[in-house]
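Enquirer: Here you go, entry-v1.pdb (PDB, C-alpha atoms):
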```
ATOM      1  CA  MET A   1      19.117 -48.362   7.566
ATOM      2  CA  LEU A   2      22.284 -47.427   9.445
ATOM      3  CA  GLU A   3      21.800 -49.936  12.253
ATOM      4  CA  ASN A   4      21.533 -52.751   9.700
ATOM      5  CA  ARG A   5      25.037 -51.951   8.423
ATOM      6  CA  ILE A   6      26.698 -52.052  11.847
ATOM      7  CA  LYS A   7      27.889 -55.570  12.607
ATOM      8  CA  TYR A   8      28.805 -57.299  15.851
ATOM      9  CA  ARG A   9      32.507 -57.193  14.910
ATOM     10  CA  HIS A  10      32.356 -53.384  14.625
ATOM     11  CA  LEU A  11      31.021 -53.120  18.167
ATOM     12  CA  GLN A  12      33.413 -55.750  19.492
ATOM     13  CA  CYS A  13      36.456 -53.928  18.112
ATOM     14  CA  PHE A  14      35.243 -50.549  19.326
ATOM     15  CA  LEU A  15      34.543 -51.806  22.861
ATOM     16  CA  GLU A  16      37.854 -53.628  23.187
ATOM     17  CA  VAL A  17      39.901 -50.669  21.959
ATOM     18  CA  ALA A  18      37.985 -48.414  24.381
ATOM     19  CA  ARG A  19      38.714 -50.836  27.218
ATOM     20  CA  GLN A  20      42.395 -51.377  26.403
ATOM     21  CA  GLY A  21      43.165 -47.822  25.307
ATOM     22  CA  SER A  22      45.243 -49.308  22.501
ATOM     23  CA  VAL A  23      44.563 -50.804  19.067
ATOM     24  CA  GLY A  24      47.500 -53.176  19.470
ATOM     25  CA  ARG A  25      46.380 -54.602  22.802
ATOM     26  CA  ALA A  26      42.789 -54.879  21.565
ATOM     27  CA  ALA A  27      44.004 -56.801  18.499
ATOM     28  CA  ASP A  28      45.872 -59.240  20.751
ATOM     29  CA  VAL A  29      42.787 -59.842  22.894
ATOM     30  CA  LEU A  30      40.556 -60.325  19.845
ATOM     31  CA  ALA A  31      43.136 -62.484  18.028
ATOM     32  CA  LEU A  32      43.047 -60.097  15.049
ATOM     33  CA  THR A  33      45.685 -58.044  13.274
ATOM     34  CA  GLN A  34      46.025 -54.339  14.084
ATOM     35  CA  PRO A  35      45.058 -53.355  10.501
ATOM     36  CA  ALA A  36      41.881 -55.448  10.795
ATOM     37  CA  VAL A  37      40.871 -53.711  14.018
ATOM     38  CA  SER A  38      41.706 -50.280  12.597
ATOM     39  CA  LYS A  39      39.638 -51.064   9.494
ATOM     40  CA  LYS A  40      36.587 -51.945  11.583
ATOM     41  CA  LEU A  41      36.913 -48.742  13.594
ATOM     42  CA  LYS A  42      37.226 -46.690  10.407
ATOM     43  CA  GLU A  43      34.157 -48.372   8.901
ATOM     44  CA  LEU A  44      32.172 -47.681  12.074
ATOM     45  CA  GLU A  45      33.182 -44.013  12.111
ATOM     46  CA  GLU A  46      32.286 -43.668   8.427
ATOM     47  CA  MET A  47      28.848 -45.188   9.027
ATOM     48  CA  LEU A  48      28.219 -42.876  11.995
ATOM     49  CA  ASP A  49      29.897 -39.916  10.267
ATOM     50  CA  VAL A  50      31.732 -38.899  13.474
ATOM     51  CA  ARG A  51      35.139 -39.420  15.050
ATOM     52  CA  LEU A  52      34.812 -41.918  17.891
ATOM     53  CA  MET A  53      38.472 -42.076  18.908
ATOM     54  CA  GLU A  54      41.631 -40.002  18.754
ATOM     55  CA  ARG A  55      45.149 -41.361  18.874
ATOM     56  CA  SER A  56      47.743 -39.686  21.089
ATOM     57  CA  LYS A  57      51.069 -40.480  22.725
ATOM     58  CA  LYS A  58      49.122 -41.979  25.640
ATOM     59  CA  GLY A  59      47.238 -44.349  23.334
ATOM     60  CA  VAL A  60      43.673 -44.170  22.039
ATOM     61  CA  GLU A  61      41.156 -41.887  23.747
ATOM     62  CA  LEU A  62      37.417 -41.587  23.191
ATOM     63  CA  THR A  63      35.964 -38.393  21.766
ATOM     64  CA  GLN A  64      32.757 -36.981  23.234
ATOM     65  CA  PHE A  65      30.858 -38.881  20.534
ATOM     66  CA  GLY A  66      32.800 -42.008  21.467
ATOM     67  CA  GLU A  67      31.807 -41.639  25.115
ATOM     68  CA  VAL A  68      28.125 -41.436  24.137
ATOM     69  CA  PHE A  69      28.356 -44.374  21.740
ATOM     70  CA  LEU A  70      30.244 -46.481  24.320
ATOM     71  CA  ARG A  71      27.256 -46.650  26.645
ATOM     72  CA  TYR A  72      24.849 -47.841  23.972
ATOM     73  CA  ALA A  73      27.325 -50.150  22.235
ATOM     74  CA  GLY A  74      28.062 -51.788  25.573
ATOM     75  CA  ALA A  75      24.376 -52.218  26.312
ATOM     76  CA  SER A  76      23.792 -53.756  22.868
ATOM     77  CA  VAL A  77      26.594 -56.284  23.237
ATOM     78  CA  ALA A  78      25.488 -57.069  26.787
ATOM     79  CA  ALA A  79      21.936 -57.728  25.576
ATOM     80  CA  LEU A  80      23.249 -59.992  22.821
ATOM     81  CA  ARG A  81      25.359 -61.917  25.340
ATOM     82  CA  GLU A  82      22.344 -62.346  27.590
ATOM     83  CA  GLY A  83      20.281 -63.629  24.682
ATOM     84  CA  THR A  84      22.857 -66.208  23.625
ATOM     85  CA  ASN A  85      23.477 -67.217  27.245
ATOM     86  CA  SER A  86      19.755 -67.751  27.809
ATOM     87  CA  ILE A  87      19.636 -70.131  24.827
ATOM     88  CA  ALA A  88      22.691 -72.007  26.088
ATOM     89  CA  GLN A  89      21.215 -72.244  29.564
ATOM     90  CA  ALA A  90      17.929 -73.537  28.207
ATOM     91  CA  GLN A  91      19.813 -76.239  26.305
ATOM     92  CA  GLN A  92      21.591 -77.187  29.540
ATOM     93  CA  ARG A  93      18.271 -77.848  31.262
ATOM     94  CA  GLY A  94      18.247 -74.921  33.597
ATOM     95  CA  GLN A  95      21.925 -74.772  34.538
ATOM     96  CA  THR A  96      22.870 -71.104  35.040
ATOM     97  CA  GLN A  97      26.240 -69.413  35.452
ATOM     98  CA  LEU A  98      26.644 -66.167  37.385
ATOM     99  CA  THR A  99      29.896 -64.286  36.905
ATOM    100  CA  ILE A 100      30.588 -61.957  39.830
ATOM    101  CA  GLY A 101      33.303 -59.295  40.049
ATOM    102  CA  VAL A 102      34.723 -59.188  43.573
ATOM    103  CA  LEU A 103      36.875 -56.459  45.114
ATOM    104  CA  PRO A 104      39.272 -57.323  47.991
ATOM    105  CA  THR A 105      37.216 -55.369  50.535
ATOM    106  CA  VAL A 106      34.442 -57.992  50.368
ATOM    107  CA  ALA A 107      36.380 -61.078  49.257
ATOM    108  CA  THR A 108      37.050 -62.209  52.834
ATOM    109  CA  SER A 109      34.436 -60.299  54.824
ATOM    110  CA  VAL A 110      31.177 -60.798  52.909
ATOM    111  CA  LEU A 111      31.458 -63.165  49.953
ATOM    112  CA  PRO A 112      32.197 -66.467  51.755
ATOM    113  CA  ARG A 113      29.027 -66.133  53.857
ATOM    114  CA  ALA A 114      27.011 -64.898  50.872
ATOM    115  CA  VAL A 115      28.064 -67.845  48.724
ATOM    116  CA  GLN A 116      27.130 -70.276  51.506
ATOM    117  CA  ARG A 117      23.695 -68.665  51.873
ATOM    118  CA  PHE A 118      23.134 -68.733  48.128
ATOM    119  CA  ARG A 119      24.112 -72.391  47.739
ATOM    120  CA  GLN A 120      21.971 -73.402  50.711
ATOM    121  CA  GLY A 121      18.997 -71.993  48.814
ATOM    122  CA  GLY A 122      19.252 -74.812  46.285
ATOM    123  CA  VAL A 123      19.579 -72.568  43.211
ATOM    124  CA  ASP A 124      20.780 -74.504  40.164
ATOM    125  CA  ALA A 125      23.602 -72.101  39.270
ATOM    126  CA  THR A 126      27.371 -72.178  38.897
ATOM    127  CA  LEU A 127      29.229 -69.231  40.414
ATOM    128  CA  LYS A 128      32.325 -67.758  38.804
ATOM    129  CA  LEU A 129      34.108 -65.184  40.988
ATOM    130  CA  VAL A 130      36.474 -62.756  39.237
ATOM    131  CA  SER A 131      38.846 -60.307  40.930
ATOM    132  CA  GLY A 132      40.814 -57.407  39.479
ATOM    133  CA  PRO A 133      41.137 -53.617  39.465
ATOM    134  CA  ASN A 134      37.802 -51.857  39.889
ATOM    135  CA  LYS A 135      38.022 -50.040  36.562
ATOM    136  CA  LEU A 136      38.512 -53.321  34.701
ATOM    137  CA  LEU A 137      35.664 -55.051  36.527
ATOM    138  CA  LEU A 138      33.263 -52.204  35.767
ATOM    139  CA  SER A 139      34.202 -52.239  32.078
ATOM    140  CA  GLN A 140      33.528 -55.989  31.982
ATOM    141  CA  LEU A 141      30.208 -55.456  33.757
ATOM    142  CA  ARG A 142      29.213 -52.765  31.263
ATOM    143  CA  VAL A 143      29.581 -55.109  28.278
ATOM    144  CA  GLY A 144      27.965 -58.105  29.946
ATOM    145  CA  GLU A 145      31.055 -60.167  30.769
ATOM    146  CA  LEU A 146      30.125 -59.828  34.451
ATOM    147  CA  ASP A 147      26.658 -59.965  35.986
ATOM    148  CA  LEU A 148      27.490 -58.042  39.160
ATOM    149  CA  VAL A 149      30.355 -56.267  40.919
ATOM    150  CA  VAL A 150      30.499 -56.324  44.727
ATOM    151  CA  GLY A 151      32.684 -53.699  46.388
ATOM    152  CA  ARG A 152      33.185 -49.992  46.946
ATOM    153  CA  LEU A 153      31.304 -47.346  44.969
ATOM    154  CA  ALA A 154      33.467 -46.117  42.095
ATOM    155  CA  GLU A 155      34.158 -42.523  41.089
ATOM    156  CA  PRO A 156      31.231 -40.874  39.216
ATOM    157  CA  GLU A 157      32.992 -40.914  35.850
ATOM    158  CA  LEU A 158      33.204 -44.725  35.991
ATOM    159  CA  MET A 159      29.516 -45.225  36.823
ATOM    160  CA  SER A 160      27.990 -44.242  33.477
ATOM    161  CA  GLY A 161      25.316 -46.789  32.573
ATOM    162  CA  LEU A 162      25.623 -48.551  35.927
ATOM    163  CA  SER A 163      23.454 -48.704  39.047
ATOM    164  CA  PHE A 164      24.704 -48.936  42.656
ATOM    165  CA  GLN A 165      22.861 -50.316  45.707
ATOM    166  CA  HIS A 166      24.387 -49.371  49.067
ATOM    167  CA  LEU A 167      25.061 -52.079  51.678
ATOM    168  CA  TYR A 168      27.282 -50.399  54.275
ATOM    169  CA  SER A 169      30.096 -47.867  54.641
ATOM    170  CA  GLU A 170      33.714 -48.721  55.327
ATOM    171  CA  ARG A 171      36.818 -46.750  56.202
ATOM    172  CA  VAL A 172      40.499 -47.214  55.479
ATOM    173  CA  ALA A 173      42.769 -48.674  58.170
ATOM    174  CA  PHE A 174      46.508 -48.366  58.870
ATOM    175  CA  VAL A 175      47.638 -51.788  60.089
ATOM    176  CA  VAL A 176      50.919 -53.210  61.414
ATOM    177  CA  ARG A 177      52.156 -56.383  63.074
ATOM    178  CA  PRO A 178      51.746 -56.738  66.855
ATOM    179  CA  GLY A 179      54.708 -55.241  68.710
ATOM    180  CA  HIS A 180      55.416 -52.703  65.967
ATOM    181  CA  PRO A 181      57.498 -49.710  67.227
ATOM    182  CA  LEU A 182      54.725 -47.266  66.251
ATOM    183  CA  LEU A 183      52.414 -48.865  68.812
ATOM    184  CA  ARG A 184      54.619 -47.497  71.583
ATOM    185  CA  SER A 185      54.178 -43.888  70.395
ATOM    186  CA  ARG A 186      51.757 -41.948  72.608
ATOM    187  CA  PRO A 187      50.225 -39.979  71.112
ATOM    188  CA  LEU A 188      50.834 -41.372  67.667
ATOM    189  CA  ASP A 189      52.009 -38.854  65.070
ATOM    190  CA  LEU A 190      50.894 -40.028  61.607
ATOM    191  CA  LYS A 191      53.998 -38.454  60.065
ATOM    192  CA  ASP A 192      56.047 -41.142  61.832
ATOM    193  CA  ILE A 193      54.939 -43.699  59.238
ATOM    194  CA  SER A 194      57.387 -42.031  56.847
ATOM    195  CA  ALA A 195      60.204 -43.847  58.673
ATOM    196  CA  TYR A 196      58.833 -47.216  57.525
ATOM    197  CA  THR A 197      57.939 -48.980  54.319
ATOM    198  CA  VAL A 198      54.306 -48.228  53.502
ATOM    199  CA  LEU A 199      52.107 -50.557  51.444
ATOM    200  CA  TYR A 200      50.043 -48.073  49.451
ATOM    201  CA  PRO A 201      47.025 -48.412  47.125
ATOM    202  CA  PRO A 202      47.917 -47.924  43.424
ATOM    203  CA  LYS A 203      46.460 -44.929  41.597
ATOM    204  CA  ASP A 204      43.884 -47.060  39.786
ATOM    205  CA  SER A 205      42.627 -48.669  43.009
ATOM    206  CA  ILE A 206      39.280 -47.598  44.407
ATOM    207  CA  ILE A 207      40.610 -46.200  47.715
ATOM    208  CA  ALA A 208      43.613 -44.347  46.275
ATOM    209  CA  ALA A 209      41.941 -40.925  46.025
ATOM    210  CA  SER A 210      40.523 -40.965  49.563
ATOM    211  CA  VAL A 211      43.860 -42.123  51.014
ATOM    212  CA  GLU A 212      45.754 -39.390  49.197
ATOM    213  CA  ARG A 213      43.317 -36.715  50.397
ATOM    214  CA  PHE A 214      43.552 -38.012  53.970
ATOM    215  CA  LEU A 215      47.367 -37.948  53.993
ATOM    216  CA  LEU A 216      47.537 -34.489  52.409
ATOM    217  CA  ALA A 217      45.128 -33.191  55.065
ATOM    218  CA  GLN A 218      47.556 -34.520  57.686
ATOM    219  CA  GLY A 219      50.477 -32.706  56.046
ATOM    220  CA  ILE A 220      51.987 -35.820  54.482
ATOM    221  CA  GLY A 221      53.103 -35.629  50.868
ATOM    222  CA  ALA A 222      55.044 -38.268  48.963
ATOM    223  CA  LEU A 223      56.141 -41.154  51.171
ATOM    224  CA  PRO A 224      59.865 -41.923  50.698
ATOM    225  CA  ASP A 225      59.557 -45.729  50.870
ATOM    226  CA  ARG A 226      56.323 -47.148  49.553
ATOM    227  CA  ILE A 227      55.198 -50.239  47.693
ATOM    228  CA  GLU A 228      52.060 -49.933  45.592
ATOM    229  CA  THR A 229      50.013 -53.138  45.557
ATOM    230  CA  ILE A 230      46.449 -54.425  45.301
ATOM    231  CA  SER A 231      47.459 -57.934  46.391
ATOM    232  CA  ASP A 232      45.936 -58.695  49.767
ATOM    233  CA  ALA A 233      47.875 -61.999  49.916
ATOM    234  CA  PHE A 234      51.187 -60.156  49.530
ATOM    235  CA  GLY A 235      50.143 -57.414  51.935
ATOM    236  CA  LYS A 236      49.200 -59.808  54.705
ATOM    237  CA  GLU A 237      52.386 -61.830  54.430
ATOM    238  CA  TYR A 238      54.627 -58.748  54.168
ATOM    239  CA  ILE A 239      53.060 -57.235  57.294
ATOM    240  CA  ARG A 240      53.658 -60.463  59.192
ATOM    241  CA  GLN A 241      57.359 -60.459  58.303
ATOM    242  CA  THR A 242      58.333 -56.755  58.453
ATOM    243  CA  ASP A 243      57.733 -53.409  60.165
ATOM    244  CA  ALA A 244      55.834 -52.103  57.150
ATOM    245  CA  VAL A 245      52.603 -50.115  57.526
ATOM    246  CA  TRP A 246      49.689 -51.202  55.327
ATOM    247  CA  ILE A 247      47.035 -48.704  54.197
ATOM    248  CA  ILE A 248      44.061 -50.822  53.221
ATOM    249  CA  SER A 249      40.248 -51.031  53.321
ATOM    250  CA  ARG A 250      39.409 -52.296  56.789
ATOM    251  CA  GLY A 251      37.234 -55.118  55.495
ATOM    252  CA  VAL A 252      40.268 -56.782  53.925
ATOM    253  CA  VAL A 253      41.971 -57.206  57.325
ATOM    254  CA  ALA A 254      39.005 -57.134  59.733
ATOM    255  CA  ARG A 255      39.438 -60.793  60.686
ATOM    256  CA  GLU A 256      43.177 -60.440  61.355
ATOM    257  CA  ILE A 257      42.523 -57.347  63.483
ATOM    258  CA  ALA A 258      39.819 -59.182  65.449
ATOM    259  CA  THR A 259      42.106 -62.163  66.158
ATOM    260  CA  GLY A 260      45.075 -59.969  67.092
ATOM    261  CA  GLU A 261      47.227 -61.091  64.169
ATOM    262  CA  PHE A 262      47.380 -57.463  62.998
ATOM    263  CA  THR A 263      46.990 -54.257  64.973
ATOM    264  CA  GLU A 264      45.285 -51.120  63.723
ATOM    265  CA  LEU A 265      47.053 -47.843  64.402
ATOM    266  CA  ALA A 266      44.995 -45.527  66.601
ATOM    267  CA  LEU A 267      44.055 -43.008  63.920
ATOM    268  CA  ASP A 268      40.772 -41.251  63.173
ATOM    269  CA  THR A 269      40.165 -42.240  59.540
ATOM    270  CA  LYS A 270      36.444 -41.521  59.290
ATOM    271  CA  GLU A 271      37.222 -39.071  56.456
ATOM    272  CA  THR A 272      38.042 -42.111  54.295
ATOM    273  CA  LEU A 273      34.581 -43.660  54.651
ATOM    274  CA  GLY A 274      33.338 -45.120  51.386
ATOM    275  CA  GLN A 275      30.152 -46.916  50.371
ATOM    276  CA  VAL A 276      30.265 -50.660  49.764
ATOM    277  CA  GLY A 277      27.511 -52.233  47.727
ATOM    278  CA  LEU A 278      26.227 -53.927  44.588
ATOM    279  CA  THR A 279      26.878 -52.533  41.111
ATOM    280  CA  THR A 280      24.784 -53.729  38.174
ATOM    281  CA  ARG A 281      23.984 -52.503  34.682
ATOM    282  CA  ALA A 282      21.278 -49.861  34.713
ATOM    283  CA  ASP A 283      19.724 -51.041  31.452
ATOM    284  CA  THR A 284      18.911 -54.621  32.467
ATOM    285  CA  LEU A 285      16.943 -56.339  35.205
ATOM    286  CA  PRO A 286      18.729 -59.008  37.288
ATOM    287  CA  SER A 287      17.787 -62.589  36.458
ATOM    288  CA  PRO A 288      16.018 -64.538  39.212
ATOM    289  CA  ALA A 289      19.255 -66.354  40.066
ATOM    290  CA  LEU A 290      21.220 -63.109  40.232
ATOM    291  CA  GLN A 291      18.534 -61.500  42.378
ATOM    292  CA  LEU A 292      18.789 -64.390  44.829
ATOM    293  CA  PHE A 293      22.557 -64.015  44.965
ATOM    294  CA  MET A 294      22.232 -60.269  45.585
ATOM    295  CA  ASN A 295      19.811 -61.018  48.417
ATOM    296  CA  ALA A 296      22.364 -63.413  49.907
ATOM    297  CA  VAL A 297      25.009 -60.672  49.792
ATOM    298  CA  ARG A 298      22.628 -58.230  51.520
ATOM    299  CA  ASP A 299      21.844 -60.759  54.233
ATOM    300  CA  SER A 300      25.564 -61.433  54.770
ATOM    301  CA  SER A 301      26.641 -57.809  54.925
ATOM    302  CA  GLY A 302      25.266 -57.168  58.425
ATOM    303  CA  SER A 303      28.328 -58.405  60.314
ATOM    304  CA  ALA A 304      30.619 -56.685  57.832
ATOM    305  CA  ASP A 305      28.809 -53.426  58.586
ATOM    306  CA  ARG A 306      29.507 -53.922  62.288
ATOM    307  CA  THR A 307      33.233 -54.643  61.786
ATOM    308  CA  ALA A 308      33.997 -52.200  58.965
ATOM    309  CA  ASN A 309      33.975 -49.190  61.275
ATOM    310  CA  HIS A 310      34.559 -50.844  64.655
ATOM    311  CA  SER A 311      36.199 -48.525  67.144
ATOM    312  CA  ILE A 312      39.967 -48.843  67.286
ATOM    313  CA  SER A 313      41.066 -50.851  70.318
ATOM    314  CA  LYS A 314      43.604 -49.382  72.706
ATOM    315  CA  THR A 315      47.149 -50.255  71.781
ATOM    316  CA  VAL A 316      49.791 -51.212  74.290
TER     317      VAL A 316
END
```
Please express what this file holds, its structure, as structure tokens.
Expert:
Amino acid sequence: MLENRIKYRHLQCFLEVARQGSVGRAADVLALTQPAVSKKLKELEEMLDVRLMERSKKGVELTQFGEVFLRYAGASVAALREGTNSIAQAQQRGQTQLTIGVLPTVATSVLPRAVQRFRQGGVDATLKLVSGPNKLLLSQLRVGELDLVVGRLAEPELMSGLSFQHLYSERVAFVVRPGHPLLRSRPLDLKDISAYTVLYPPKDSIIAASVERFLLAQGIGALPDRIETISDAFGKEYIRQTDAVWIISRGVVAREIATGEFTELALDTKETLGQVGLTTRADTLPSPALQLFMNAVRDSSGSADRTANHSISKTV
């Protein structure tokens, strides 16, 4: 039978090339040679009798058959990982590890409280928190390297095979240091931000599309001086030291806004509202430990819901 001829290494090579978009990078990750990876892909395509991938100047892209196979290959590898992990956990006398993908929007606003709640419950589990671009986290979730991703809802094309549970909605904020010259503008004209350095979400970040639509609707095209970054640590320090304007999910800076360390520009950004929640694989049920952690996140999201869209205070 066909499925008896397909080996784990075939699926592993296919999934890594799909994730990396490159045979070379996939070979580096897998510690194999490029010819070895290419051979496995060729064998897989011959067994399935379809083209799964096409090479182009941009790298390797999935065909329509590749897109279909990706979902099921990912589910198969994820199931295998869960099986081997369950054996390892049983050998460790009940010790469980949960690997959670965390986006910046919840890293400071929700996760610290959620982790405290979870640990207070006495669950015998080790938590591993992983951050990174949303697209990467979702690809890791799809193949079982992550158990859960907490953050904004991704674009529909990235949600194949995944399930999302809404917690609250959050908008984008434009933040500056206290005493920034823009705070003296009454009324504030959004186009005035073009005179300053703007910290801007990269194209692969989860808020990039909504920010771009919002700015275009306000008649703002390409900003002349912008720095693209997903680093909240860099953003916070750069705002403290300069007159830059930071466009960021409000949850990332909600605490600094509340304490007066940063000031939010008086702009109506409700058009940038996005859903924040829990993303899991659609083909598996959460383990008891993961379900308890998800419950802790739900319980901790109440205050984040209240601060995510708090009315903008009057600026002086």
Enquirer: Could you state which residues are captured by the PyMOL selection byres ((chain A and resi 270-279) around 7) in this file, as a PyMOL selection string?
Expert: chain A and resi 148-153+162-172+210-211+214+268-269+280
Enquirer: So, with all atoms listed in the file as the atoms that count, which of A:Gln241, A:Gln12, A:Phe293, A:Ser301 lies closest to A:Ala125?
Expert: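 Looking at the shortest contact to A:Ala125, the residue is A:Phe293.
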Enquirer: Could you name the residues that touch A:Val37 at 7 Å or less, counting only C-alpha atoms, but leaving out those on the same chain fewer than 5 positions away, as a list in words?
Expert: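 In the requested format, the answer is Cys13, Val23, Ala27 and Leu32 of chain A.
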Enquirer: Which neighbours of A:Thr99 fall inside 7 Å, counting all atoms listed in the file, when residues of the same chain fewer than 6 positions from it are skipped, and could you give them as a list in words?
Expert: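 Using all atoms listed in the file, the neighbours found are Leu127, Lys128, Leu129, Leu146 and Asp147 of chain A.
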Enquirer: For the structure shown, which residues end up in the PyMOL selection byres ((chain A and resi 49-53) around 10)? Put them as an mmCIF file with C-alpha atoms, keeping the file's coordinate frame, please?
Expert:
```cif
data_model
loop_
_atom_site.group_PDB
_atom_site.id
_atom_site.type_symbol
_atom_site.label_atom_id
_atom_site.label_comp_id
_atom_site.auth_asym_id
_atom_site.auth_seq_id
_atom_site.Cartn_x
_atom_site.Cartn_y
_atom_site.Cartn_z
ATOM 1 C CA PHE A 14 35.243 -50.549 19.326
ATOM 2 C CA VAL A 17 39.901 -50.669 21.959
ATOM 3 C CA ALA A 18 37.985 -48.414 24.381
ATOM 4 C CA GLY A 21 43.165 -47.822 25.307
ATOM 5 C CA LEU A 41 36.913 -48.742 13.594
ATOM 6 C CA LYS A 42 37.226 -46.690 10.407
ATOM 7 C CA GLU A 43 34.157 -48.372 8.901
ATOM 8 C CA LEU A 44 32.172 -47.681 12.074
ATOM 9 C CA GLU A 45 33.182 -44.013 12.111
ATOM 10 C CA GLU A 46 32.286 -43.668 8.427
ATOM 11 C CA MET A 47 28.848 -45.188 9.027
ATOM 12 C CA LEU A 48 28.219 -42.876 11.995
ATOM 13 C CA GLU A 54 41.631 -40.002 18.754
ATOM 14 C CA ARG A 55 45.149 -41.361 18.874
ATOM 15 C CA SER A 56 47.743 -39.686 21.089
ATOM 16 C CA VAL A 60 43.673 -44.170 22.039
ATOM 17 C CA GLU A 61 41.156 -41.887 23.747
ATOM 18 C CA LEU A 62 37.417 -41.587 23.191
ATOM 19 C CA THR A 63 35.964 -38.393 21.766
ATOM 20 C CA GLN A 64 32.757 -36.981 23.234
ATOM 21 C CA PHE A 65 30.858 -38.881 20.534
ATOM 22 C CA GLY A 66 32.800 -42.008 21.467
ATOM 23 C CA GLU A 67 31.807 -41.639 25.115
ATOM 24 C CA VAL A 68 28.125 -41.436 24.137
ATOM 25 C CA PHE A 69 28.356 -44.374 21.740
ATOM 26 C CA LEU A 70 30.244 -46.481 24.320
#
```
Enquirer: Using all atoms listed in the file, pick whichever of A:Leu215, A:Leu292, A:Ala266, A:Leu199 has the shortest atom-to-atom distance to A:Glu237.
Expert: A:Leu199
Enquirer: Go through A:Leu15, A:Ser139, A:Val102, A:Asp124 and flag the residue nearest A:Leu290, using only C-alpha atoms for the distances.
Expert: A:Asp124
Enquirer: So which residues touch A:Val176 within 9 Å, counting all atoms listed in the file, skipping near sequence neighbours fewer than 3 positions away, as a list in words?
Expert: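 Final neighbour list, sorted by chain and number: Gly179, His180, Leu182, Leu183, Ile239, Arg240, Thr242, Asp243, Ala244, Val245, Trp246, Phe262, Thr263, Glu264 and Leu265 of chain A.
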Enquirer: Nearest to A:Ala217 among A:Thr126, A:Lys191, A:Asp28, A:Thr84, with distances taken over all atoms listed in the file: which residue is it?
Expert: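 For A:Ala217, the nearest of the given residues is A:Lys191.
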Enquirer: Between atom CA of A:Ala26 and atom CA of A:Gly59, measure the distance and give it in Å to one decimal.
Expert: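 We find that atom CA of A:Ala26 and atom CA of A:Gly59 lie 11.6 Å from each other.
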